[in-house]
Each structure stands twice: as structure tokens, then as C-alpha cells.
file data.cif (mmCIF, C-alpha atoms)
data_structure
#
loop_
_atom_site.label_atom_id
_atom_site.label_comp_id
_atom_site.auth_asym_id
_atom_site.auth_seq_id
_atom_site.Cartn_x
_atom_site.Cartn_y
_atom_site.Cartn_z
CA MET A 944 0.00 0.00 0.00
CA VAL A 945 0.97 3.63 -0.36
CA GLN A 946 2.72 4.95 2.76
CA PHE A 947 0.52 7.23 4.86
CA ALA A 948 1.29 9.44 7.83
CA ALA A 949 0.06 7.11 10.59
CA PRO A 950 -0.50 9.61 13.45
CA ARG A 951 -2.42 11.96 11.11
CA LEU A 952 -4.72 9.13 9.96
CA ASP A 953 -5.14 7.97 13.58
CA MET A 954 -6.40 11.43 14.56
CA THR A 955 -8.64 12.05 11.57
CA PHE A 956 -10.31 8.62 11.63
CA ALA A 957 -10.83 8.99 15.40
CA ALA A 958 -12.35 12.44 14.81
CA LEU A 959 -14.73 10.92 12.25
CA SER A 960 -15.82 8.09 14.58
CA ASP A 961 -18.61 10.15 16.16
CA ALA A 962 -21.92 11.03 14.49
CA THR A 963 -22.06 14.50 16.13
CA ARG A 964 -18.58 15.38 14.91
CA ARG A 965 -19.44 14.21 11.38
CA GLY A 966 -22.59 16.33 11.64
CA VAL A 967 -20.57 19.39 12.73
CA LEU A 968 -18.31 18.98 9.67
CA GLU A 969 -21.33 18.74 7.36
CA GLN A 970 -22.80 21.84 9.03
CA LEU A 971 -19.58 23.86 8.74
CA ALA A 972 -19.25 22.84 5.08
CA ARG A 973 -22.46 24.84 4.58
CA ALA A 974 -21.65 27.87 6.75
CA GLU A 975 -19.36 28.88 9.61
CA ALA A 976 -20.95 28.79 13.06
CA SER A 977 -20.19 29.68 16.66
CA ILE A 978 -19.78 26.94 19.28
CA THR A 979 -23.04 28.15 20.89
CA GLU A 980 -24.92 27.75 17.61
CA LEU A 981 -23.46 24.27 17.09
CA ALA A 982 -24.35 23.25 20.67
CA GLU A 983 -27.96 24.38 20.12
CA ARG A 984 -28.25 22.68 16.75
CA PHE A 985 -26.98 19.35 18.09
CA HIS A 986 -28.92 19.62 21.41
CA MET A 987 -25.76 19.51 23.43
CA THR A 988 -24.18 21.41 26.32
CA LEU A 989 -21.58 24.07 25.48
CA THR A 990 -18.94 21.98 27.29
CA GLY A 991 -19.84 18.88 25.27
CA MET A 992 -19.66 20.77 21.97
CA LYS A 993 -16.36 22.42 22.96
CA LYS A 994 -14.87 18.95 23.44
CA HIS A 995 -16.07 17.75 20.03
CA VAL A 996 -14.79 20.90 18.31
CA GLY A 997 -11.45 20.43 20.13
CA VAL A 998 -11.10 16.90 18.71
CA LEU A 999 -11.91 18.18 15.20
CA GLU A 1000 -9.49 21.10 15.60
CA ARG A 1001 -6.59 18.91 16.79
CA ALA A 1002 -7.20 16.64 13.78
CA GLY A 1003 -6.96 19.69 11.49
CA LEU A 1004 -10.54 19.35 10.30
CA VAL A 1005 -11.80 22.58 11.90
CA ARG A 1006 -10.26 25.99 12.59
CA THR A 1007 -11.63 28.25 15.32
CA GLU A 1008 -11.16 31.95 15.96
CA LYS A 1009 -12.20 33.83 19.05
CA ILE A 1010 -13.42 37.36 18.49
CA GLY A 1011 -14.58 38.96 21.72
CA ARG A 1012 -16.68 36.35 23.49
CA VAL A 1013 -17.63 34.36 20.41
CA ARG A 1014 -15.57 31.45 19.11
CA THR A 1015 -16.33 30.95 15.42
CA CYS A 1016 -15.73 27.57 13.79
CA ARG A 1017 -14.83 27.05 10.14
CA LEU A 1018 -13.75 24.06 8.08
CA GLY A 1019 -10.03 23.34 8.23
CA MET A 1020 -7.88 23.00 5.14
CA LEU A 1021 -7.86 19.21 5.43
CA GLY A 1022 -9.95 17.79 2.59
CA LEU A 1023 -9.63 14.16 3.81
CA HIS A 1024 -7.66 13.27 0.71
CA GLU A 1025 -5.24 10.91 2.50
CA GLU A 1026 -8.13 9.23 4.29
CA ALA A 1027 -9.94 8.71 0.97
CA ALA A 1028 -6.69 7.40 -0.54
CA TRP A 1029 -6.17 4.89 2.31
CA ILE A 1030 -9.72 3.56 1.95
CA GLY A 1031 -9.37 3.44 -1.86
CA SER A 1032 -6.11 1.54 -1.57
CA TYR A 1033 -7.69 -0.92 0.90
CA GLN A 1034 -10.71 -1.39 -1.35
CA ARG A 1035 -8.49 -2.39 -4.26
CA LEU A 1036 -6.79 -5.03 -2.07
CA TRP A 1037 -10.21 -6.16 -0.78
CA ASP A 1038 -11.62 -6.52 -4.32
CA THR A 1039 -8.56 -8.54 -5.42
CA ARG A 1040 -8.93 -10.81 -2.39
CA PHE A 1041 -12.62 -11.49 -3.00
CA ASP A 1042 -12.10 -11.88 -6.76
CA ALA A 1043 -9.50 -14.55 -5.95
CA LEU A 1044 -11.98 -16.31 -3.63
CA ASP A 1045 -14.67 -16.11 -6.35
CA ALA A 1046 -12.26 -17.75 -8.80
CA ILE A 1047 -11.62 -20.60 -6.32
CA VAL A 1048 -15.36 -21.11 -5.77
CA GLU A 1049 -15.95 -21.16 -9.54
CA GLU A 1050 -13.18 -23.72 -10.00
CA LEU A 1051 -14.60 -25.94 -7.24
CA LYS A 1052 -18.06 -25.72 -8.83
CA ALA A 1053 -16.63 -26.62 -12.25
CA ARG A 1054 -14.79 -29.63 -10.77
CA GLU A 1055 -17.96 -30.78 -9.01
CA THR A 1056 -19.97 -30.55 -12.26
CA ASN A 1057 -17.30 -32.59 -14.06
CA ASN A 1058 -17.33 -35.23 -11.29
CA VAL A 1059 -21.14 -35.52 -11.45
CA ARG A 1060 -21.09 -36.12 -15.21
CA MET B 581 -25.66 14.60 2.54
CA VAL B 582 -26.72 11.03 1.89
CA GLN B 583 -28.05 9.32 5.04
CA PHE B 584 -25.60 6.89 6.56
CA ALA B 585 -25.97 4.33 9.35
CA ALA B 586 -24.37 6.36 12.16
CA PRO B 587 -23.45 3.56 14.62
CA ARG B 588 -21.87 1.51 11.79
CA LEU B 589 -19.74 4.48 10.69
CA ASP B 590 -18.81 5.22 14.34
CA MET B 591 -17.48 1.67 14.74
CA THR B 592 -15.65 1.43 11.43
CA PHE B 593 -13.95 4.85 11.66
CA ALA B 594 -12.93 4.04 15.27
CA ALA B 595 -11.55 0.69 14.09
CA LEU B 596 -9.52 2.52 11.41
CA SER B 597 -8.11 5.06 13.88
CA ASP B 598 -5.15 2.87 14.85
CA ALA B 599 -2.08 2.21 12.66
CA THR B 600 -1.76 -1.42 13.86
CA ARG B 601 -5.38 -2.19 13.03
CA ARG B 602 -4.99 -0.62 9.57
CA GLY B 603 -1.82 -2.73 9.15
CA VAL B 604 -3.72 -5.90 10.15
CA LEU B 605 -6.37 -5.16 7.49
CA GLU B 606 -3.68 -4.62 4.83
CA GLN B 607 -2.03 -7.89 5.92
CA LEU B 608 -5.28 -9.89 5.84
CA ALA B 609 -6.09 -8.47 2.42
CA ARG B 610 -2.99 -10.34 1.24
CA ALA B 611 -3.53 -13.62 3.15
CA GLU B 612 -5.41 -14.97 6.15
CA ALA B 613 -3.38 -15.25 9.36
CA SER B 614 -3.65 -16.59 12.90
CA ILE B 615 -3.69 -14.17 15.85
CA THR B 616 -0.27 -15.54 16.86
CA GLU B 617 1.16 -14.74 13.41
CA LEU B 618 -0.33 -11.24 13.50
CA ALA B 619 1.04 -10.62 17.03
CA GLU B 620 4.53 -11.65 15.88
CA ARG B 621 4.39 -9.59 12.72
CA PHE B 622 3.34 -6.44 14.58
CA HIS B 623 5.70 -7.07 17.57
CA MET B 624 2.83 -7.21 19.99
CA THR B 625 1.63 -9.45 22.82
CA LEU B 626 -1.06 -12.02 22.03
CA THR B 627 -3.42 -10.17 24.40
CA GLY B 628 -2.79 -6.86 22.65
CA MET B 629 -3.41 -8.34 19.21
CA LYS B 630 -6.57 -10.12 20.44
CA LYS B 631 -7.96 -6.74 21.52
CA HIS B 632 -7.20 -5.15 18.13
CA VAL B 633 -8.73 -8.08 16.25
CA GLY B 634 -11.79 -7.86 18.54
CA VAL B 635 -12.30 -4.18 17.59
CA LEU B 636 -11.98 -5.05 13.88
CA GLU B 637 -14.34 -8.02 14.27
CA ARG B 638 -17.04 -6.01 16.06
CA ALA B 639 -16.82 -3.39 13.28
CA GLY B 640 -17.39 -6.17 10.71
CA LEU B 641 -13.98 -5.65 9.11
CA VAL B 642 -12.56 -9.03 10.14
CA ARG B 643 -14.00 -12.51 10.64
CA THR B 644 -12.31 -15.06 12.89
CA GLU B 645 -12.72 -18.81 13.14
CA LYS B 646 -11.27 -21.06 15.84
CA ILE B 647 -10.17 -24.49 14.71
CA GLY B 648 -8.60 -26.44 17.54
CA ARG B 649 -6.27 -24.04 19.31
CA VAL B 650 -5.73 -21.69 16.40
CA ARG B 651 -7.93 -18.66 15.71
CA THR B 652 -7.65 -17.73 12.04
CA CYS B 653 -8.46 -14.17 10.90
CA ARG B 654 -9.83 -13.27 7.49
CA LEU B 655 -11.15 -10.05 5.97
CA GLY B 656 -14.81 -9.41 6.70
CA MET B 657 -17.37 -8.73 3.99
CA LEU B 658 -17.30 -4.99 4.69
CA GLY B 659 -15.57 -3.24 1.78
CA LEU B 660 -15.70 0.24 3.43
CA HIS B 661 -18.09 1.45 0.73
CA GLU B 662 -20.21 3.57 3.10
CA GLU B 663 -17.09 5.07 4.65
CA ALA B 664 -15.73 5.97 1.20
CA ALA B 665 -19.15 7.41 0.30
CA TRP B 666 -19.26 9.59 3.45
CA ILE B 667 -15.79 10.97 2.77
CA GLY B 668 -16.65 11.52 -0.91
CA SER B 669 -19.83 13.35 0.03
CA TYR B 670 -17.91 15.52 2.52
CA GLN B 671 -15.23 16.29 -0.05
CA ARG B 672 -17.83 17.57 -2.51
CA LEU B 673 -19.19 19.94 0.19
CA TRP B 674 -15.63 20.94 1.13
CA ASP B 675 -14.73 21.72 -2.52
CA THR B 676 -17.89 23.80 -2.94
CA ARG B 677 -17.10 25.71 0.27
CA PHE B 678 -13.54 26.53 -0.78
CA ASP B 679 -14.58 27.33 -4.35
CA ALA B 680 -17.06 29.84 -2.88
CA LEU B 681 -14.30 31.38 -0.73
CA ASP B 682 -12.03 31.55 -3.78
CA ALA B 683 -14.76 33.42 -5.64
CA ILE B 684 -15.10 35.93 -2.77
CA VAL B 685 -11.32 36.48 -2.67
CA GLU B 686 -11.27 37.02 -6.45
CA GLU B 687 -14.11 39.53 -6.19
CA LEU B 688 -12.33 41.43 -3.38
CA LYS B 689 -9.12 41.51 -5.45
CA ALA B 690 -11.03 42.81 -8.48
CA ARG B 691 -12.67 45.54 -6.40
CA GLU B 692 -9.32 46.55 -4.92
CA THR B 693 -7.78 46.80 -8.40
CA ASN B 694 -10.70 48.98 -9.51
CA ASN B 695 -10.33 51.22 -6.44
CA VAL B 696 -6.62 51.65 -7.06
CA ARG B 697 -7.19 52.77 -10.67
#
call {"tool": "encode", "arguments": {"input": "data.cif", "output": "C-alpha cells"}}
result
Amino acid sequence: MVQFAAPRLDMTFAALSDATRRGVLEQLARAEASITELAERFHMTLTGMKKHVGVLERAGLVRTEKIGRVRTCRLGMLGLHEEAAWIGSYQRLWDTRFDALDAIVEELKARETNNVR
Amino acid sequence: MVQFAAPRLDMTFAALSDATRRGVLEQLARAEASITELAERFHMTLTGMKKHVGVLERAGLVRTEKIGRVRTCRLGMLGLHEEAAWIGSYQRLWDTRFDALDAIVEELKARETNNVR
């Protein structure tokens, strides 16, 4: 497989392993939002949302900026390209593996048919 | 975005958030292996590898079968299609968002040039 930056992938996949955090990313892809707005939208306490945003920020998926009392969240510059590449690379291996198994099954079936005749 | 099965995605992305577990998947895509073989290959205790394989198995990414004393691990039937689809869907939103920002920047630049003239 292609070599990937392991700690980066660890952090991004972990950040994506929560439905709320995936929802926040989808939301911020539409428009920037304050932590308060995100907390309201996802029916969550401010503390809970701060934690989720922190995980996304450390993974590079979200940037935040505090102006006065409001912390605004925006999408980070990380377009999940390496993550998509890892999954794509795995899928090619997976397809090859199952194609090979299919070929074995077909061969066994063919042998069985020949034996029956 | 397309609707995805949230708990499934939570489990698979969490399973992918560890370099050893991603390595085990890459390894099993090449050939099945016992837990002992995997532990040796990844310089890990048997207990440690059992935990990793358990996470992958619960996420549907690996199947295991115990014959006698040996537990053999194979790739599960999950080809990470939903995970790839989620990331793809997010990337389209992300591209749109940054294209929109690009357009704003271009407009501001154009205005500035006009003001200077």
C-alpha cells in the first residue's frame, strides 16, 4: 500500500468516529458557526460541543477563531484526501482478495460438475 | 448529505483510527493469518493483538474462526463502501465551500484593483 502518515490518519479517523462530529463537519461545510450555535443545533451542552470541536481542531478538520466572546468555527484546510486514498487503496486489495476467492469457488463448482457427469 | 448508518460508521472509523489495526487489514487483504502470526508480525503481545482483532471483528472488518487451538483471521465482507461514500460526500461539500471562498477572494481583489485605478 501507499505509505501514509500514521498519526495523522489515527487522529482524523478517530475524529470521524462520532456522528455528532461528522454532523458538525457537514454543518460547517455549509456555513461557519459559533460553538453556541453548534451546541444548540446538536442539542448539546456548550462543554460537550467544545470537546467535540477540540477533537476536530486537533485533527486539522476545523479551525476556530475567538473574536470577543464568540468562538467561530470554520472548516479546516484538510480535505480528507489521505483518508480517501487509504480507503481506496484498501478497497483495491479487498476486491482482489474477494475476486480470488470467487475464482476458487468457480473452480470448485466446475470440478464438481465434471465429477457428477 | 446522503443518510448513513451512524453507529456503523462510528465503529468502522474508530476501528480505522489505529495504525496497527490498519496494518492488520492490509495484511489480511494479502492472506489470512492466525492471531499468533499477527502478534509476531506487529511485535505485539497475544493479548494486545486479540484486543485489536476484537475491535476489527465487532466493526465487521474481520472474521475469525477457531479451529482447535488456532484462531484464524480473514477479511470481513465490509468493503468500506459507506465510509468511502461519506468521505466523498464531505469532499464535494468541502470543494464547494472553498470554491465559494475563492470566488469571494477574487471579487475582493477585483474591487481593490478597480479602487486603485
call {"tool": "calpha_fit_and_write", "arguments": {"input": "data.cif", "fixed": "chain B", "moving": "chain A", "output": "compact mmCIF listing (two decimals) with C-alpha atoms, in the frame of the given file"}}
result
# COMPACT_ATOMS: atom_id res chain seq x y z
CA MET A 944 -25.78 14.59 2.60
CA VAL A 945 -26.80 11.01 1.94
CA GLN A 946 -28.12 9.31 5.09
CA PHE A 947 -25.66 6.83 6.60
CA ALA A 948 -26.04 4.28 9.36
CA ALA A 949 -24.45 6.29 12.19
CA PRO A 950 -23.52 3.48 14.64
CA ARG A 951 -21.93 1.45 11.81
CA LEU A 952 -19.80 4.43 10.71
CA ASP A 953 -18.91 5.16 14.36
CA MET A 954 -17.53 1.63 14.75
CA THR A 955 -15.70 1.40 11.44
CA PHE A 956 -14.04 4.82 11.68
CA ALA A 957 -13.03 4.02 15.28
CA ALA A 958 -11.60 0.69 14.10
CA LEU A 959 -9.58 2.53 11.44
CA SER A 960 -8.19 5.08 13.93
CA ASP A 961 -5.22 2.90 14.88
CA ALA A 962 -2.15 2.27 12.70
CA THR A 963 -1.80 -1.37 13.88
CA ARG A 964 -5.41 -2.15 13.03
CA ARG A 965 -5.02 -0.56 9.58
CA GLY A 966 -1.87 -2.65 9.18
CA VAL A 967 -3.73 -5.85 10.15
CA LEU A 968 -6.37 -5.12 7.49
CA GLU A 969 -3.68 -4.56 4.85
CA GLN A 970 -2.01 -7.82 5.93
CA LEU A 971 -5.24 -9.84 5.83
CA ALA A 972 -6.05 -8.40 2.39
CA ARG A 973 -2.93 -10.28 1.24
CA ALA A 974 -3.45 -13.55 3.13
CA GLU A 975 -5.34 -14.93 6.12
CA ALA A 976 -3.31 -15.22 9.32
CA SER A 977 -3.59 -16.53 12.86
CA ILE A 978 -3.65 -14.12 15.81
CA THR A 979 -0.21 -15.47 16.83
CA GLU A 980 1.22 -14.66 13.40
CA LEU A 981 -0.29 -11.16 13.49
CA ALA A 982 1.06 -10.55 17.02
CA GLU A 983 4.57 -11.56 15.87
CA ARG A 984 4.41 -9.47 12.72
CA PHE A 985 3.33 -6.34 14.60
CA HIS A 986 5.69 -6.97 17.58
CA MET A 987 2.82 -7.14 19.99
CA THR A 988 1.64 -9.39 22.82
CA LEU A 989 -1.05 -11.97 22.02
CA THR A 990 -3.43 -10.15 24.39
CA GLY A 991 -2.80 -6.82 22.65
CA MET A 992 -3.42 -8.31 19.21
CA LYS A 993 -6.56 -10.12 20.42
CA LYS A 994 -7.97 -6.75 21.49
CA HIS A 995 -7.23 -5.14 18.12
CA VAL A 996 -8.73 -8.09 16.22
CA GLY A 997 -11.80 -7.88 18.51
CA VAL A 998 -12.33 -4.22 17.57
CA LEU A 999 -11.99 -5.07 13.86
CA GLU A 1000 -14.34 -8.05 14.23
CA ARG A 1001 -17.05 -6.06 16.04
CA ALA A 1002 -16.84 -3.44 13.26
CA GLY A 1003 -17.38 -6.21 10.68
CA LEU A 1004 -13.99 -5.68 9.08
CA VAL A 1005 -12.53 -9.05 10.11
CA ARG A 1006 -13.97 -12.54 10.59
CA THR A 1007 -12.26 -15.08 12.83
CA GLU A 1008 -12.64 -18.84 13.08
CA LYS A 1009 -11.20 -21.05 15.77
CA ILE A 1010 -10.07 -24.47 14.64
CA GLY A 1011 -8.49 -26.42 17.48
CA ARG A 1012 -6.18 -24.01 19.25
CA VAL A 1013 -5.64 -21.66 16.33
CA ARG A 1014 -7.85 -18.65 15.67
CA THR A 1015 -7.58 -17.71 11.99
CA CYS A 1016 -8.39 -14.17 10.87
CA ARG A 1017 -9.76 -13.24 7.45
CA LEU A 1018 -11.10 -10.05 5.92
CA GLY A 1019 -14.77 -9.40 6.64
CA MET A 1020 -17.31 -8.74 3.92
CA LEU A 1021 -17.29 -5.01 4.65
CA GLY A 1022 -15.59 -3.23 1.75
CA LEU A 1023 -15.74 0.22 3.42
CA HIS A 1024 -18.11 1.44 0.73
CA GLU A 1025 -20.27 3.54 3.09
CA GLU A 1026 -17.17 5.04 4.67
CA ALA A 1027 -15.81 5.97 1.23
CA ALA A 1028 -19.23 7.40 0.32
CA TRP A 1029 -19.37 9.55 3.49
CA ILE A 1030 -15.89 10.97 2.83
CA GLY A 1031 -16.74 11.53 -0.86
CA SER A 1032 -19.94 13.33 0.07
CA TYR A 1033 -18.04 15.51 2.59
CA GLN A 1034 -15.34 16.28 0.03
CA ARG A 1035 -17.93 17.59 -2.42
CA LEU A 1036 -19.32 19.93 0.27
CA TRP A 1037 -15.76 20.95 1.22
CA ASP A 1038 -14.83 21.74 -2.40
CA THR A 1039 -18.01 23.83 -2.85
CA ARG A 1040 -17.24 25.73 0.35
CA PHE A 1041 -13.66 26.54 -0.65
CA ASP A 1042 -14.67 27.36 -4.24
CA ALA A 1043 -17.14 29.87 -2.78
CA LEU A 1044 -14.38 31.39 -0.62
CA ASP A 1045 -12.07 31.55 -3.67
CA ALA A 1046 -14.78 33.43 -5.57
CA ILE A 1047 -15.09 35.96 -2.71
CA VAL A 1048 -11.31 36.45 -2.60
CA GLU A 1049 -11.22 36.95 -6.38
CA GLU A 1050 -14.02 39.51 -6.17
CA LEU A 1051 -12.25 41.41 -3.38
CA LYS A 1052 -9.03 41.43 -5.42
CA ALA A 1053 -10.90 42.70 -8.49
CA ARG A 1054 -12.52 45.49 -6.44
CA GLU A 1055 -9.15 46.47 -4.99
CA THR A 1056 -7.59 46.66 -8.48
CA ASN A 1057 -10.47 48.85 -9.66
CA ASN A 1058 -10.07 51.15 -6.63
CA VAL A 1059 -6.32 51.51 -7.25
CA ARG A 1060 -6.86 52.55 -10.87
call {"tool": "resolve_selection", "arguments": {"input": "data.cif", "expression": "the PyMOL selection byres ((chain B and resi 673-687) around 10)", "output": "compact mmCIF listing (two decimals) with C-alpha atoms, in the coordinates of the input"}}
result
# COMPACT_ATOMS: atom_id res chain seq x y z
CA LEU A 968 -18.31 18.98 9.67
CA GLU A 969 -21.33 18.74 7.36
CA GLN A 970 -22.80 21.84 9.03
CA LEU A 971 -19.58 23.86 8.74
CA ALA A 972 -19.25 22.84 5.08
CA ARG A 973 -22.46 24.84 4.58
CA ALA A 974 -21.65 27.87 6.75
CA LEU A 1018 -13.75 24.06 8.08
CA GLY A 1019 -10.03 23.34 8.23
CA MET A 1020 -7.88 23.00 5.14
CA LEU A 1021 -7.86 19.21 5.43
CA GLY A 1022 -9.95 17.79 2.59
CA LEU A 1023 -9.63 14.16 3.81
CA MET B 581 -25.66 14.60 2.54
CA ILE B 667 -15.79 10.97 2.77
CA GLY B 668 -16.65 11.52 -0.91
CA SER B 669 -19.83 13.35 0.03
CA TYR B 670 -17.91 15.52 2.52
CA GLN B 671 -15.23 16.29 -0.05
CA ARG B 672 -17.83 17.57 -2.51
CA LEU B 688 -12.33 41.43 -3.38
CA LYS B 689 -9.12 41.51 -5.45
CA ALA B 690 -11.03 42.81 -8.48
CA ARG B 691 -12.67 45.54 -6.40
CA GLU B 692 -9.32 46.55 -4.92
CA THR B 693 -7.78 46.80 -8.40
call {"tool": "atom_distance", "arguments": {"input": "data.cif", "atom1": "atom CA of Asp953 of chain A", "atom2": "atom CA of Thr652 of chain B"}}
result
25.9 Å
call {"tool": "closest_residue", "arguments": {"input": "data.cif", "among": "B:Cys653, B:Ala586, B:Ala613, B:Val633", "to": "chain A", "atoms": "all atoms listed in the file"}}
result
B:Ala586
call {"tool": "resolve_selection", "arguments": {"input": "data.cif", "expression": "the PyMOL selection byres ((chain B and resi 630) around 12)", "output": "ChimeraX atom specification"}}
result
/B:600-601,604,614-619,624-629,631-637,642,644,651-653
call {"tool": "atom_distance", "arguments": {"input": "data.cif", "atom1": "atom CA of Ala594 of chain B", "atom2": "atom CA of Lys646 of chain B"}}
result
25.2 Å
call {"tool": "atom_distance", "arguments": {"input": "data.cif", "atom1": "atom CA of Ala1028 of chain A", "atom2": "atom CA of Phe593 of chain B"}}
result
14.4 Å
call {"tool": "axis_aligned_box", "arguments": {"input": "data.cif", "around": "segment 1038-1043 of chain A", "padding_each_side": "6 Å", "output": "lines of an AutoDock Vina configuration file"}}
result
center_x = -10.6
center_y = -10.5
center_z = -4.6
size_x = 16.1
size_y = 20.0
size_z = 16.4
call {"tool": "resolve_selection", "arguments": {"input": "data.cif", "expression": "the PyMOL selection byres ((chain B and resi 588) around 10)", "output": "tab-separated table (two decimals) with C-alpha atoms, in the coordinates of the input"}}
result
chain	number	residue	atom	x	y	z
A	960	SER	CA	-15.82	8.09	14.58
A	962	ALA	CA	-21.92	11.03	14.49
B	584	PHE	CA	-25.60	6.89	6.56
B	585	ALA	CA	-25.97	4.33	9.35
B	586	ALA	CA	-24.37	6.36	12.16
B	587	PRO	CA	-23.45	3.56	14.62
B	589	LEU	CA	-19.74	4.48	10.69
B	590	ASP	CA	-18.81	5.22	14.34
B	591	MET	CA	-17.48	1.67	14.74
B	592	THR	CA	-15.65	1.43	11.43
B	593	PHE	CA	-13.95	4.85	11.66
B	594	ALA	CA	-12.93	4.04	15.27
B	638	ARG	CA	-17.04	-6.01	16.06
B	639	ALA	CA	-16.82	-3.39	13.28
B	640	GLY	CA	-17.39	-6.17	10.71
B	662	GLU	CA	-20.21	3.57	3.10
B	663	GLU	CA	-17.09	5.07	4.65
call {"tool": "closest_residue", "arguments": {"input": "data.cif", "among": "B:His623, B:Ile647, B:Arg654, B:Asn694", "to": "chain A", "atoms": "all atoms listed in the file"}}
result
B:Arg654
call {"tool": "closest_residue", "arguments": {"input": "data.cif", "among": "B:Val650, B:Asn695, B:Glu612, B:Glu620", "to": "chain A", "atoms": "only C-alpha atoms"}}
result
B:Glu612
call {"tool": "build_atoms", "arguments": {"input": "data.cif", "residues": "segment 1007-1014 of chain A", "atoms": "all heavy atoms", "output": "CSV table (one decimal), in the coordinates of the input"}}
result
chain,number,residue,atom,x,y,z
A,1007,THR,N,-10.8,27.4,14.5
A,1007,THR,CA,-11.6,28.2,15.3
A,1007,THR,C,-10.9,29.6,15.6
A,1007,THR,O,-9.7,29.6,15.6
A,1007,THR,CB,-12.0,27.6,16.7
A,1007,THR,OG1,-10.9,27.7,17.5
A,1007,THR,CG2,-12.5,26.2,16.6
A,1008,GLU,N,-11.7,30.6,15.7
A,1008,GLU,CA,-11.2,32.0,16.0
A,1008,GLU,C,-12.1,32.6,17.0
A,1008,GLU,O,-13.3,32.6,16.8
A,1008,GLU,CB,-11.2,32.7,14.6
A,1008,GLU,CG,-10.4,34.0,14.6
A,1008,GLU,CD,-10.7,34.8,13.4
A,1008,GLU,OE1,-11.5,34.4,12.5
A,1008,GLU,OE2,-10.0,35.9,13.2
A,1009,LYS,N,-11.4,33.2,18.0
A,1009,LYS,CA,-12.2,33.8,19.0
A,1009,LYS,C,-12.2,35.3,18.8
A,1009,LYS,O,-11.1,35.9,18.8
A,1009,LYS,CB,-11.7,33.5,20.4
A,1009,LYS,CG,-12.7,33.8,21.5
A,1009,LYS,CD,-12.3,33.2,22.9
A,1009,LYS,CE,-13.4,33.4,23.9
A,1009,LYS,NZ,-13.1,32.8,25.2
A,1010,ILE,N,-13.3,35.9,18.6
A,1010,ILE,CA,-13.4,37.4,18.5
A,1010,ILE,C,-14.4,37.8,19.6
A,1010,ILE,O,-15.6,37.5,19.6
A,1010,ILE,CB,-13.9,37.8,17.1
A,1010,ILE,CG1,-13.0,37.2,16.0
A,1010,ILE,CG2,-14.0,39.3,17.0
A,1010,ILE,CD1,-13.5,37.4,14.6
A,1011,GLY,N,-13.8,38.6,20.6
A,1011,GLY,CA,-14.6,39.0,21.7
A,1011,GLY,C,-15.0,37.7,22.5
A,1011,GLY,O,-14.1,36.9,22.9
A,1012,ARG,N,-16.2,37.5,22.7
A,1012,ARG,CA,-16.7,36.4,23.5
A,1012,ARG,C,-17.1,35.2,22.6
A,1012,ARG,O,-17.4,34.1,23.1
A,1012,ARG,CB,-17.9,36.7,24.4
A,1012,ARG,CG,-17.5,37.6,25.5
A,1012,ARG,CD,-18.7,37.9,26.3
A,1012,ARG,NE,-18.3,38.3,27.7
A,1012,ARG,CZ,-19.1,38.1,28.8
A,1012,ARG,NH1,-20.3,37.6,28.6
A,1012,ARG,NH2,-18.7,38.5,29.9
A,1013,VAL,N,-17.1,35.4,21.3
A,1013,VAL,CA,-17.6,34.4,20.4
A,1013,VAL,C,-16.5,33.6,19.7
A,1013,VAL,O,-15.6,34.2,19.1
A,1013,VAL,CB,-18.6,35.0,19.4
A,1013,VAL,CG1,-19.1,33.9,18.4
A,1013,VAL,CG2,-19.7,35.7,20.0
A,1014,ARG,N,-16.5,32.3,19.8
A,1014,ARG,CA,-15.6,31.4,19.1
A,1014,ARG,C,-16.2,30.9,17.9
A,1014,ARG,O,-17.2,30.1,17.9
A,1014,ARG,CB,-15.0,30.3,20.0
A,1014,ARG,CG,-14.0,29.5,19.3
A,1014,ARG,CD,-13.2,28.5,20.2
A,1014,ARG,NE,-12.3,29.2,21.1
A,1014,ARG,CZ,-11.1,29.6,20.8
A,1014,ARG,NH1,-10.6,29.4,19.6
A,1014,ARG,NH2,-10.4,30.2,21.7
